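Next comes entry-v6.cif, a file with mmCIF, C-alpha atoms; chains and numbers go by the auth columns.
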```
data_query
#
loop_
_atom_site.group_PDB
_atom_site.id
_atom_site.type_symbol
_atom_site.label_atom_id
_atom_site.label_comp_id
_atom_site.label_asym_id
_atom_site.label_seq_id
_atom_site.Cartn_x
_atom_site.Cartn_y
_atom_site.Cartn_z
_atom_site.B_iso_or_equiv
_atom_site.auth_seq_id
_atom_site.auth_asym_id
ATOM 1 C CA TYR A 1 0.000 0.000 0.000 0.00 1 A
ATOM 2 C CA GLU A 2 1.011 3.608 -0.366 0.00 2 A
ATOM 3 C CA ILE A 3 -0.273 6.538 1.670 0.00 3 A
ATOM 4 C CA THR A 4 -0.361 10.178 0.677 0.00 4 A
ATOM 5 C CA TYR A 5 -0.915 12.838 3.331 0.00 5 A
ATOM 6 C CA GLY A 6 -1.909 15.834 1.257 0.00 6 A
ATOM 7 C CA ASP A 7 -5.623 15.269 1.876 0.00 7 A
ATOM 8 C CA TRP A 8 -5.274 12.616 4.602 0.00 8 A
ATOM 9 C CA SER A 9 -6.581 9.764 2.451 0.00 9 A
ATOM 10 C CA SER A 10 -5.162 6.633 0.908 0.00 10 A
ATOM 11 C CA ASP A 11 -4.634 7.032 -2.816 0.00 11 A
ATOM 12 C CA VAL A 12 -3.137 3.714 -3.889 0.00 12 A
ATOM 13 C CA CYS A 13 -3.600 0.152 -2.644 0.00 13 A
ATOM 14 C CA SER A 14 -1.710 -2.885 -3.910 0.00 14 A
ATOM 15 C CA SER A 15 -3.604 -4.793 -6.602 0.00 15 A
ATOM 16 C CA ASP A 16 -3.521 -8.066 -4.650 0.00 16 A
ATOM 17 C CA LEU A 17 -5.627 -6.686 -1.776 0.00 17 A
ATOM 18 C CA PRO A 18 -9.362 -7.430 -1.541 0.00 18 A
ATOM 19 C CA ALA A 19 -11.473 -5.116 -3.645 0.00 19 A
ATOM 20 C CA ASP A 20 -13.248 -3.601 -0.658 0.00 20 A
ATOM 21 C CA VAL A 21 -10.098 -2.624 1.216 0.00 21 A
ATOM 22 C CA LYS A 22 -9.611 0.774 -0.335 0.00 22 A
ATOM 23 C CA PRO A 23 -13.126 2.190 0.238 0.00 23 A
ATOM 24 C CA GLN A 24 -13.179 0.870 3.803 0.00 24 A
ATOM 25 C CA GLU A 25 -9.722 2.278 4.436 0.00 25 A
ATOM 26 C CA ILE A 26 -10.697 5.713 3.210 0.00 26 A
ATOM 27 C CA LYS A 27 -13.938 5.669 5.206 0.00 27 A
ATOM 28 C CA LEU A 28 -12.092 4.864 8.398 0.00 28 A
ATOM 29 C CA ALA A 29 -9.454 7.457 7.638 0.00 29 A
ATOM 30 C CA GLN A 30 -12.188 10.061 7.293 0.00 30 A
ATOM 31 C CA GLN A 31 -13.630 8.987 10.645 0.00 31 A
ATOM 32 C CA VAL A 32 -10.264 9.606 12.257 0.00 32 A
ATOM 33 C CA ILE A 33 -9.951 13.032 10.635 0.00 33 A
ATOM 34 C CA ALA A 34 -13.465 13.976 11.735 0.00 34 A
ATOM 35 C CA THR A 35 -12.460 13.702 15.382 0.00 35 A
ATOM 36 C CA PHE A 36 -10.267 16.796 15.000 0.00 36 A
ATOM 37 C CA GLU A 37 -11.528 20.365 14.576 0.00 37 A
ATOM 38 C CA GLY A 38 -8.199 21.771 13.452 0.00 38 A
ATOM 39 C CA PRO A 39 -5.295 20.698 11.239 0.00 39 A
ATOM 40 C CA LEU A 40 -2.996 17.949 12.452 0.00 40 A
ATOM 41 C CA ASP A 41 0.755 18.133 12.662 0.00 41 A
ATOM 42 C CA LEU A 42 1.875 15.721 9.937 0.00 42 A
ATOM 43 C CA ALA A 43 5.336 15.339 11.442 0.00 43 A
ATOM 44 C CA THR A 44 3.715 14.121 14.648 0.00 44 A
ATOM 45 C CA TYR A 45 1.013 11.890 13.228 0.00 45 A
ATOM 46 C CA ALA A 46 2.203 10.536 9.867 0.00 46 A
ATOM 47 C CA ASP A 47 3.925 7.423 11.256 0.00 47 A
ATOM 48 C CA GLN A 48 1.145 6.681 13.734 0.00 48 A
ATOM 49 C CA TYR A 49 -1.511 7.125 11.053 0.00 49 A
ATOM 50 C CA GLN A 50 0.283 4.909 8.553 0.00 50 A
ATOM 51 C CA ALA A 51 0.755 2.190 11.171 0.00 51 A
ATOM 52 C CA GLY A 52 -2.966 2.295 11.943 0.00 52 A
ATOM 53 C CA LEU A 53 -3.905 1.917 8.280 0.00 53 A
ATOM 54 C CA LYS A 54 -1.544 -1.037 7.940 0.00 54 A
ATOM 55 C CA ARG A 55 -3.415 -2.752 10.782 0.00 55 A
ATOM 56 C CA ILE A 56 -6.678 -2.164 8.896 0.00 56 A
ATOM 57 C CA ILE A 57 -5.315 -3.786 5.737 0.00 57 A
ATOM 58 C CA ASP A 58 -3.836 -6.723 7.638 0.00 58 A
ATOM 59 C CA ALA A 59 -7.150 -7.284 9.407 0.00 59 A
ATOM 60 C CA LYS A 60 -9.083 -7.229 6.134 0.00 60 A
ATOM 61 C CA ILE A 61 -6.742 -9.776 4.537 0.00 61 A
ATOM 62 C CA ALA A 62 -7.142 -12.038 7.572 0.00 62 A
ATOM 63 C CA GLY A 63 -10.923 -11.669 7.476 0.00 63 A
ATOM 64 C CA GLN A 64 -11.024 -10.035 10.908 0.00 64 A
ATOM 65 C CA ASP A 65 -13.112 -7.123 12.141 0.00 65 A
ATOM 66 C CA VAL A 66 -11.700 -3.787 11.063 0.00 66 A
ATOM 67 C CA VAL A 67 -11.095 -1.252 13.840 0.00 67 A
ATOM 68 C CA ALA A 68 -10.362 2.374 13.090 0.00 68 A
ATOM 69 C CA PRO A 69 -6.819 3.423 14.021 0.00 69 A
ATOM 70 C CA SER A 70 -6.475 5.346 17.249 0.00 70 A
ATOM 71 C CA VAL A 71 -4.838 8.738 16.779 0.00 71 A
ATOM 72 C CA GLN A 72 -4.345 10.666 20.014 0.00 72 A
ATOM 73 C CA ALA A 73 -4.990 14.395 19.898 0.00 73 A
ATOM 74 C CA PRO A 74 -2.208 16.682 21.121 0.00 74 A
ATOM 75 C CA PRO A 75 -2.681 17.826 24.725 0.00 75 A
ATOM 76 C CA MET A 76 -4.541 21.040 25.399 0.00 76 A
ATOM 77 C CA ARG A 77 -1.926 23.699 26.138 0.00 77 A
ATOM 78 C CA ILE A 78 -2.549 26.394 28.743 0.00 78 A
ATOM 79 C CA ASP A 79 0.036 29.145 29.216 0.00 79 A
ATOM 80 C CA VAL A 80 -0.320 31.188 32.402 0.00 80 A
ATOM 81 C CA VAL A 81 1.369 34.586 32.584 0.00 81 A
ATOM 82 C CA THR A 82 1.876 35.232 36.285 0.00 82 A
ATOM 83 C CA LEU A 83 4.217 36.884 38.752 0.00 83 A
ATOM 84 C CA PHE A 84 3.772 33.853 41.014 0.00 84 A
ATOM 85 C CA PRO A 85 4.270 30.670 38.973 0.00 85 A
ATOM 86 C CA GLU A 86 4.694 28.710 42.209 0.00 86 A
ATOM 87 C CA LEU A 87 0.993 29.267 42.964 0.00 87 A
ATOM 88 C CA ILE A 88 0.004 27.715 39.651 0.00 88 A
ATOM 89 C CA ALA A 89 2.466 24.838 40.076 0.00 89 A
ATOM 90 C CA ALA A 90 1.103 24.033 43.530 0.00 90 A
ATOM 91 C CA GLY A 91 -2.465 23.981 42.267 0.00 91 A
ATOM 92 C CA THR A 92 -1.860 21.704 39.299 0.00 92 A
ATOM 93 C CA GLN A 93 0.084 18.852 40.866 0.00 93 A
ATOM 94 C CA ALA A 94 -2.608 16.918 42.722 0.00 94 A
ATOM 95 C CA SER A 95 -5.890 15.071 42.229 0.00 95 A
ATOM 96 C CA LEU A 96 -7.565 14.713 38.830 0.00 96 A
ATOM 97 C CA LEU A 97 -5.861 17.778 37.375 0.00 97 A
ATOM 98 C CA GLY A 98 -2.394 16.578 38.315 0.00 98 A
ATOM 99 C CA ARG A 99 -3.145 13.142 36.901 0.00 99 A
ATOM 100 C CA ALA A 100 -4.446 14.635 33.637 0.00 100 A
ATOM 101 C CA ILE A 101 -1.190 16.561 33.223 0.00 101 A
ATOM 102 C CA GLU A 102 0.860 13.442 33.974 0.00 102 A
ATOM 103 C CA GLN A 103 -1.122 11.497 31.356 0.00 103 A
ATOM 104 C CA GLY A 104 -0.551 14.172 28.706 0.00 104 A
ATOM 105 C CA ILE A 105 -4.211 15.152 28.374 0.00 105 A
ATOM 106 C CA LEU A 106 -3.341 18.792 28.952 0.00 106 A
ATOM 107 C CA SER A 107 -0.222 20.803 29.739 0.00 107 A
ATOM 108 C CA VAL A 108 0.150 23.921 31.872 0.00 108 A
ATOM 109 C CA HIS A 109 3.126 26.269 31.449 0.00 109 A
ATOM 110 C CA CYS A 110 3.971 29.436 33.365 0.00 110 A
ATOM 111 C CA THR A 111 5.689 32.571 32.069 0.00 111 A
ATOM 112 C CA ASN A 112 6.781 35.290 34.480 0.00 112 A
ATOM 113 C CA PRO A 113 6.448 38.827 33.061 0.00 113 A
ATOM 114 C CA ARG A 114 9.172 39.953 35.473 0.00 114 A
ATOM 115 C CA ASP A 115 11.611 38.088 33.223 0.00 115 A
ATOM 116 C CA PHE A 116 10.738 40.607 30.505 0.00 116 A
ATOM 117 C CA ALA A 117 11.095 43.784 32.568 0.00 117 A
ATOM 118 C CA MET A 118 13.375 46.312 30.926 0.00 118 A
ATOM 119 C CA ASP A 119 15.191 47.800 33.929 0.00 119 A
ATOM 120 C CA ARG A 120 17.718 46.379 36.350 0.00 120 A
ATOM 121 C CA HIS A 121 15.150 46.327 39.158 0.00 121 A
ATOM 122 C CA ARG A 122 12.817 44.177 37.025 0.00 122 A
ATOM 123 C CA THR A 123 9.947 46.569 37.597 0.00 123 A
ATOM 124 C CA VAL A 124 6.532 45.325 36.496 0.00 124 A
ATOM 125 C CA ASP A 125 4.205 47.940 38.056 0.00 125 A
ATOM 126 C CA ASP A 126 3.558 51.570 37.229 0.00 126 A
ATOM 127 C CA ALA A 127 0.967 54.303 37.579 0.00 127 A
ATOM 128 C CA PRO A 128 -2.100 53.743 35.355 0.00 128 A
ATOM 129 C CA PHE A 129 -1.842 54.964 31.768 0.00 129 A
ATOM 130 C CA GLY A 130 -3.962 58.112 31.624 0.00 130 A
ATOM 131 C CA GLY A 131 -3.929 58.622 35.392 0.00 131 A
ATOM 132 C CA GLY A 132 -5.779 57.113 38.329 0.00 132 A
ATOM 133 C CA ALA A 133 -5.231 55.753 41.820 0.00 133 A
ATOM 134 C CA GLY A 134 -2.932 52.874 42.726 0.00 134 A
ATOM 135 C CA MET A 135 -0.479 50.914 40.639 0.00 135 A
ATOM 136 C CA VAL A 136 -1.102 48.529 37.750 0.00 136 A
ATOM 137 C CA MET A 137 0.963 45.952 35.904 0.00 137 A
ATOM 138 C CA LYS A 138 2.979 47.578 33.121 0.00 138 A
ATOM 139 C CA CYS A 139 2.022 46.706 29.586 0.00 139 A
ATOM 140 C CA GLU A 140 5.535 46.193 28.161 0.00 140 A
ATOM 141 C CA PRO A 141 6.475 43.081 30.192 0.00 141 A
ATOM 142 C CA LEU A 142 3.036 41.561 29.587 0.00 142 A
ATOM 143 C CA PHE A 143 3.178 42.130 25.833 0.00 143 A
ATOM 144 C CA ALA A 144 6.706 40.693 25.700 0.00 144 A
ATOM 145 C CA ALA A 145 5.784 37.669 27.847 0.00 145 A
ATOM 146 C CA VAL A 146 2.875 36.795 25.578 0.00 146 A
ATOM 147 C CA GLU A 147 4.928 37.365 22.419 0.00 147 A
ATOM 148 C CA SER A 148 7.550 34.922 23.729 0.00 148 A
ATOM 149 C CA LEU A 149 4.923 32.172 23.452 0.00 149 A
ATOM 150 C CA ARG A 150 4.472 32.605 19.717 0.00 150 A
ATOM 151 C CA GLY A 151 5.202 29.336 17.953 0.00 151 A
ATOM 152 C CA GLN A 152 4.198 27.327 21.011 0.00 152 A
ATOM 153 C CA ASN A 153 0.725 28.786 21.444 0.00 153 A
ATOM 154 C CA SER A 154 -1.610 30.010 18.702 0.00 154 A
ATOM 155 C CA LEU A 155 -2.300 33.184 20.779 0.00 155 A
ATOM 156 C CA GLU A 156 -5.849 33.144 19.455 0.00 156 A
ATOM 157 C CA ARG A 157 -7.299 33.144 22.988 0.00 157 A
ATOM 158 C CA ILE A 158 -5.640 35.520 25.467 0.00 158 A
ATOM 159 C CA ILE A 159 -7.835 35.713 28.558 0.00 159 A
ATOM 160 C CA LEU A 160 -7.437 38.238 31.350 0.00 160 A
ATOM 161 C CA LEU A 161 -8.760 37.120 34.728 0.00 161 A
ATOM 162 C CA SER A 162 -10.416 40.294 35.937 0.00 162 A
ATOM 163 C CA PRO A 163 -13.272 41.252 38.307 0.00 163 A
ATOM 164 C CA ARG A 164 -14.766 43.370 35.531 0.00 164 A
ATOM 165 C CA GLY A 165 -14.857 40.444 33.099 0.00 165 A
ATOM 166 C CA LYS A 166 -17.789 38.294 32.047 0.00 166 A
ATOM 167 C CA ARG A 167 -18.929 35.913 34.793 0.00 167 A
ATOM 168 C CA LEU A 168 -17.574 32.406 34.217 0.00 168 A
ATOM 169 C CA ASP A 169 -20.248 29.710 33.913 0.00 169 A
ATOM 170 C CA GLN A 170 -20.391 26.103 32.796 0.00 170 A
ATOM 171 C CA ALA A 171 -21.394 26.999 29.248 0.00 171 A
ATOM 172 C CA LYS A 172 -18.255 29.123 28.908 0.00 172 A
ATOM 173 C CA VAL A 173 -16.160 26.343 30.428 0.00 173 A
ATOM 174 C CA ARG A 174 -17.466 23.884 27.815 0.00 174 A
ATOM 175 C CA GLU A 175 -16.728 26.361 25.034 0.00 175 A
ATOM 176 C CA LEU A 176 -13.147 26.996 26.161 0.00 176 A
ATOM 177 C CA ALA A 177 -12.500 23.289 26.735 0.00 177 A
ATOM 178 C CA GLN A 178 -12.821 22.790 22.961 0.00 178 A
ATOM 179 C CA ALA A 179 -9.858 25.077 22.282 0.00 179 A
ATOM 180 C CA PRO A 180 -6.436 23.540 21.598 0.00 180 A
ATOM 181 C CA ASP A 181 -4.650 26.247 23.589 0.00 181 A
ATOM 182 C CA MET A 182 -4.993 29.564 25.361 0.00 182 A
ATOM 183 C CA VAL A 183 -3.097 32.148 27.408 0.00 183 A
ATOM 184 C CA LEU A 184 -4.323 33.195 30.855 0.00 184 A
ATOM 185 C CA LEU A 185 -3.141 36.557 32.193 0.00 185 A
ATOM 186 C CA CYS A 186 -3.081 36.905 35.973 0.00 186 A
ATOM 187 C CA ALA A 187 -3.222 40.515 37.125 0.00 187 A
ATOM 188 C CA ARG A 188 -1.834 41.880 40.400 0.00 188 A
ATOM 189 C CA TYR A 189 -1.873 45.285 42.131 0.00 189 A
ATOM 190 C CA GLU A 190 -4.893 47.278 40.907 0.00 190 A
ATOM 191 C CA GLY A 191 -5.063 45.360 37.650 0.00 191 A
ATOM 192 C CA VAL A 192 -3.284 45.859 34.321 0.00 192 A
ATOM 193 C CA ASP A 193 -2.445 48.835 32.157 0.00 193 A
ATOM 194 C CA GLU A 194 -5.531 49.662 30.083 0.00 194 A
ATOM 195 C CA ARG A 195 -3.553 49.142 26.891 0.00 195 A
ATOM 196 C CA VAL A 196 -3.355 45.422 27.763 0.00 196 A
ATOM 197 C CA SER A 197 -7.146 45.182 27.782 0.00 197 A
ATOM 198 C CA GLN A 198 -7.461 47.204 24.599 0.00 198 A
ATOM 199 C CA ALA A 199 -4.725 45.696 22.431 0.00 199 A
ATOM 200 C CA LEU A 200 -3.649 42.328 23.851 0.00 200 A
ATOM 201 C CA VAL A 201 -6.417 40.301 25.458 0.00 201 A
ATOM 202 C CA THR A 202 -9.260 38.746 23.504 0.00 202 A
ATOM 203 C CA GLU A 203 -11.540 38.267 26.505 0.00 203 A
ATOM 204 C CA GLU A 204 -11.889 39.087 30.203 0.00 204 A
ATOM 205 C CA LEU A 205 -13.389 36.595 32.657 0.00 205 A
ATOM 206 C CA SER A 206 -14.386 36.856 36.311 0.00 206 A
ATOM 207 C CA ILE A 207 -15.175 34.075 38.768 0.00 207 A
ATOM 208 C CA GLY A 208 -17.320 36.261 41.009 0.00 208 A
ATOM 209 C CA ASP A 209 -17.998 39.583 42.675 0.00 209 A
ATOM 210 C CA TYR A 210 -15.399 39.591 45.422 0.00 210 A
ATOM 211 C CA VAL A 211 -11.847 40.813 45.910 0.00 211 A
ATOM 212 C CA LEU A 212 -8.744 38.622 45.554 0.00 212 A
ATOM 213 C CA SER A 213 -5.070 39.548 45.573 0.00 213 A
ATOM 214 C CA GLY A 214 -4.492 38.400 42.013 0.00 214 A
ATOM 215 C CA GLY A 215 -5.625 36.308 39.076 0.00 215 A
ATOM 216 C CA GLU A 216 -3.838 33.081 39.990 0.00 216 A
ATOM 217 C CA LEU A 217 -6.715 31.497 41.914 0.00 217 A
ATOM 218 C CA PRO A 218 -9.265 32.387 39.199 0.00 218 A
ATOM 219 C CA ALA A 219 -6.871 30.893 36.631 0.00 219 A
ATOM 220 C CA LEU A 220 -6.726 27.662 38.638 0.00 220 A
ATOM 221 C CA VAL A 221 -10.522 27.589 38.880 0.00 221 A
ATOM 222 C CA LEU A 222 -10.774 27.902 35.102 0.00 222 A
ATOM 223 C CA ILE A 223 -8.085 25.281 34.447 0.00 223 A
ATOM 224 C CA GLU A 224 -9.711 22.817 36.848 0.00 224 A
ATOM 225 C CA ALA A 225 -13.161 23.351 35.338 0.00 225 A
ATOM 226 C CA MET A 226 -11.913 22.936 31.754 0.00 226 A
ATOM 227 C CA SER A 227 -9.884 19.850 32.606 0.00 227 A
ATOM 228 C CA ARG A 228 -13.053 18.050 33.710 0.00 228 A
ATOM 229 C CA MET A 229 -14.481 18.514 30.210 0.00 229 A
ATOM 230 C CA LEU A 230 -11.539 16.743 28.528 0.00 230 A
ATOM 231 C CA PRO A 231 -11.916 13.064 27.588 0.00 231 A
ATOM 232 C CA GLY A 232 -10.117 10.746 29.985 0.00 232 A
ATOM 233 C CA VAL A 233 -9.961 13.113 32.963 0.00 233 A
ATOM 234 C CA VAL A 234 -13.162 12.171 34.784 0.00 234 A
ATOM 235 C CA GLY A 235 -14.490 8.611 34.655 0.00 235 A
ATOM 236 C CA ASP A 236 -17.959 7.790 33.371 0.00 236 A
#
```

Output the file's structure as structure tokens, nothing else.
Amino acid sequence: YEITYGDWSSDVCSSDLPADVKPQEIKLAQQVIATFEGPLDLATYADQYQAGLKRIIDAKIAGQDVVAPSVQAPPMRIDVVTLFPELIAAGTQASLLGRAIEQGILSVHCTNPRDFAMDRHRTVDDAPFGGGAGMVMKCEPLFAAVESLRGQNSLERIILLSPRGKRLDQAKVRELAQAPDMVLLCARYEGVDERVSQALVTEELSIGDYVLSGGELPALVLIEAMSRMLPGVVGD
């Protein structure tokens, strides 16, 4: 047999195979493709996919039941931009969430915006752009921290955990759990520079009308809730 990956179908089968192998093979290949909403990484899946199709052909020749090849989706990737990565690490190491990360169902990575501060004191707070009381997180380190994730994260979903955001509910959790990746921004001080909300984030979410010291706990709430929606995390 010979497999071509341009359209994820089998183009050529050896002439000595049963006549019904090729249509069945293509049908099963399409079933595998249909389980994914986005494009697959051919470098990651080509060998696994070809091995699965070989099992289909071997089973057909032997007159056995044909089972569609199992192709595992890449883990959901969550990048958390936080001044306190140890808080996120502590909250993702135990129970179902910790087990899901160990099993490769999702991955959680932390980026510290202080690593992108531009002065020797690694300053990440400043007076609000346009004036106002208190201090906010500077926009430059946050923009640079998010940009550093390009190539690892699609950056299509950049979510700011903020008390002024839309209230998180189960419908939103289900929606976000379908995404292959996202970035969660955890604010501190009085929030973030307004330019972050205007030009960087795609959405703001809140977990309730009360005051916390930062966005790390809301981020953990969101991660935990989404993880329960992923196949293999919670038993039937």

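One distance worth recording is that between atom CA of A:Pro163 and atom CA of A:Cys139, which is 18.4 Å.
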
Residues matched by the PyMOL selection byres ((chain A and resi 102-112) around 6), written as a list in words: Pro75, Met76, Arg77, Ile78, Asp79, Val80, Val81, Thr82, Leu83, Pro85, Arg99, Ala100, Ile101, Pro113, Arg114 and Asp115 of chain A

May I have the residues within 10 Å of A:Arg188 as an mmCIF file with C-alpha atoms, in the coordinates of the input, using only C-alpha atoms and disregarding those fewer than 5 positions away in the same chain?
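Written out: part-v5.cif:
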```
data_model
loop_
_atom_site.group_PDB
_atom_site.id
_atom_site.type_symbol
_atom_site.label_atom_id
_atom_site.label_comp_id
_atom_site.auth_asym_id
_atom_site.auth_seq_id
_atom_site.Cartn_x
_atom_site.Cartn_y
_atom_site.Cartn_z
ATOM 1 C CA THR A 82 1.876 35.232 36.285
ATOM 2 C CA LEU A 83 4.217 36.884 38.752
ATOM 3 C CA PHE A 84 3.772 33.853 41.014
ATOM 4 C CA VAL A 124 6.532 45.325 36.496
ATOM 5 C CA ASP A 125 4.205 47.940 38.056
ATOM 6 C CA MET A 135 -0.479 50.914 40.639
ATOM 7 C CA VAL A 136 -1.102 48.529 37.750
ATOM 8 C CA MET A 137 0.963 45.952 35.904
ATOM 9 C CA SER A 162 -10.416 40.294 35.937
ATOM 10 C CA LEU A 212 -8.744 38.622 45.554
ATOM 11 C CA SER A 213 -5.070 39.548 45.573
ATOM 12 C CA GLY A 214 -4.492 38.400 42.013
ATOM 13 C CA GLY A 215 -5.625 36.308 39.076
ATOM 14 C CA GLU A 216 -3.838 33.081 39.990
#
```

Atomic distance atom CA of A:Met226 - atom CA of A:Val201, expressed in Å with one decimal: 19.3 Å

Separation of atom CA of A:Gln170 from atom CA of A:Gly98 in Å: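 Here the two named atoms are 21.1 Å from each other.
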
Counting all atoms listed in the file, the residue of A:Ala144, A:Cys186, A:Ala89, A:Val192 that sits nearest A:Pro128: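 Closest to A:Pro128 of all the choices is A:Val192.
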